[in-house]
Amino acid sequence: MEKGVSGLEKHNQTEDQAKFIEVWEDLVSIKDLFLSILITASSTMIGYFLAHDQEPLPLFFGLTGALLGFVISSVLFKPKRTINIEDEV
Amino acid sequence: MTLELLLGMVMAALAGTVLYTILGIIPGTDETAVIAPVTLALVLLGIEPIFVFTFFMAAITAHKVTDSVPVAVAGIPGGVMAAPMVEHAVQFKKHGQADLSIRKMASGSVVGTLVAVPISFLFAWVLMPVADWVQNYAGPLFFFGTIILALLAKNRLVSLVAIIPFMLLVQGLRHLYWATGVVPEGRNVFTSFFLGITIGPVIVTLLELMNKDKRERMNRFPQRIISLTKQKRKMGMPNPFKILTIKETILSGLASLIGSITFILSAVGTTTLIGELFSNFEQDRLKKSSLAIACMEALANATYISGILIPLIAFGIPFSSVSLGPGLPLFQAPPVFDENYNMHHALTIQEIFISTLVGAGIALFITYYLVVKYSREISAFVFKWIPHEAIIGLFVGLVFLLGYIDAGWINIAGVLLVSIVAGSLHRLGVSFGVLFMALYSAPWFMTLFG
């Protein structure tokens, strides 16, 4: 799972800073991850049931709910990455 | 072909390009996991097949081109397909020439697409006479395909051992749903199991987090520092054939040809094998990496395009690793598409040809331009604003939705079960390809008993 990233995350590693875990080849905070899943799963299913029994609207509403959850999570949680811009050597 | 239809296709191509230019750059996003659910949703929503197919061709082309961008600018693969390129791209980055490696990659994509489209149509035409035979024996062929795929895999023994138990799990759940009346008898729950396989490894990790000991023993990291190299801005639209040397053009063309003909095999496997083999034509370290990058990108693109086009045109059966992965909803999306009526039946060859030209053409043109000119800015935007948590949340949300649609609330637990098994098997070294094939051939296999 951890291919191609060695060296990049090793910078400035101190004990108290090292709090993120790797899921699906990128870093996440456990709390943020569970909240994101909770938010998106709920918004998706709420979307679906808002349009219950009116085919094919439920799927469309469900997908919109999923997208909404994605946007909310993106606003609420910060990516666990620091961007460094280097000049060309 | 009316103007309205063409306009719709252009819109579909643009939508696919924009969405997958962003998703392609996000690290770790597996092609199957990001392209299949959206394509599936479009099919189920009842969008015209020709628009769905154009969208799909744009999506795979855009994703393929952009997933190598983070490799070049940050040394991180944007998707599974880009992983073999990391080693070579790092050479360029070390020499401060990240922009050159991006140009080489993007040009390789152009070569791959230009070779793969005509070859795929030609090859599909050659294979058409055996199509009836293939369709009649699809069940056994798929079963033997699963075995062959397992034998070709890196961990062949564990792959072989996993096949039949995994089929039992899938068929067992289906029969349980029929017996309890959750699903009408004879309808195979497919889509949600398929998604369950793709997010299996994530689910296993999530469950591990619920175990206190495992959680505390897990590796912890500080914020990941991503270094992006500043690029020199160049004017105008560069010609891909001037970026590649003659040797690189010829060899990447040849690699694309091989990729198109070996369409059944895993794209990642062929890319690594042929890319490394061809790069031996150069001795100098940087030239070698340049050749490897161009060939790998060309071949990956070609394998993708032919892997979807050939089975789609000739058979109407997902007979390649690409059509069993990201392209599966074009073949199987009950109740809209199944073995008897899918994209193969919905579109004529001419329609497939035009959709391919519009979809892949627009995606290639836009991503080539963007990647060559703005790769650093796009990467910085994605890295800075899209948290990985939101992406994982999105996929779990989609699994809930499609799981419920397939067989109600109980199926959320069913999909969870499939995910746990598939994810554990994946960790043991069983590839997704083997699991997808097993899912596909399970109904036939079980008819051999009882």
# chains A, B, ... in the order shown; residues from 1 in each chain; ligands from 1
$ interface_residues --of "chain B" --to "chain A" --cutoff "7 Å" --atoms "only C-alpha atoms" --output "PyMOL selection string"
chain B and resi 27-28+45+75-77+86+95-96+202+205+219-230+383-391+393-394+396-398+400-401
$ select_by_dssp --residues "region 192-414 of chain B" --states "strand (DSSP E)" --output "list in words"
Arg224, Ile225, Ile226, Ser227, Leu228 and Thr229 of chain B
$ atom_distance --atom1 "CA of Asn411 (chain B)" --atom2 "CA of Pro140 (chain B)"
28.2 Å
$ residues_around --residues "Gly259 (chain B)" --least-positions-apart "3" --cutoff "9 Å" --atoms "only C-alpha atoms" --output "NGL selection string"
:B and (112 or 116 or 254-256 or 262-263 or 265 or 267 or 270-271 or 274 or 298-304 or 306-307)
